[in-house]
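Undergrad: Below are the structure tokens for one structure; questions will follow.
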Amino acid sequence: MLESCFVRPLPDHAATRQVIVSSIVDVDAISPEESHRVTTMIMAGLNARRGEGDFPRVDSIYYPERAGLRIMITANPVLTCELLRMIDALLEAGRG
């Protein structure tokens with residue numbers, strides 16, 4: 001009887017597994033213009049995904065006193081990997 005008070009069947013939606021990754025990317029020696037370009041491209045890529053079932057989050061902050069950019073990503077592992085590759089490609093393109 002005691003077990004019936006504490007053990008309840010899971011609702012159907014709770015049985016679906018979701019894996020979320022949190023990542024922080026710090027970029028040093030980046031200009032405000034390049035920082036804006038990178039973050040704009042990331043947000044454009046996310047906005048193009050409308051209608052997807054997940055809800056990723058990307059935040060960024062630029063530190064002018066040290067010319068640094070911090071990008072915080074919270075998303076599923078596949079999207080996180082895609083975003084990290086996009087950031088790497090954008091930063092490499094900015095060097096050349």
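Chain lettering (A, B, ...) mirrors the order of the structure tokens, residue numbering begins at 1 for each chain separately, and ligand numbering begins at 1 in order of display.
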Using DSSP on the backbone coordinates, identify the residues of chain A assigned to alpha helix (DSSP H); present them as a PyMOL selection string.
TA: chain A and resi 2-6+32-47+77-95
Undergrad: Within 12 Å of A:Glu33, counting only C-alpha atoms, which residues show up once you throw out same-chain ones fewer than 2 positions away? Write them as a list in words, please.
TA: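 Residues near the query, excluding close chain neighbours: Ala29, Ile30, Ser31, Ser35, His36, Arg37, Val38, Thr39, Thr40, Tyr62, Pro64, Ala67, Gly68, Leu69 and Gly94 of chain A.
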Undergrad: Have a look at A:Ala48, A:Ile61, A:Val21, A:Ile71 and name the one nearest to A:Ile87; count only C-alpha atoms.
TA: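 Nearest to A:Ile87: A:Ile71.
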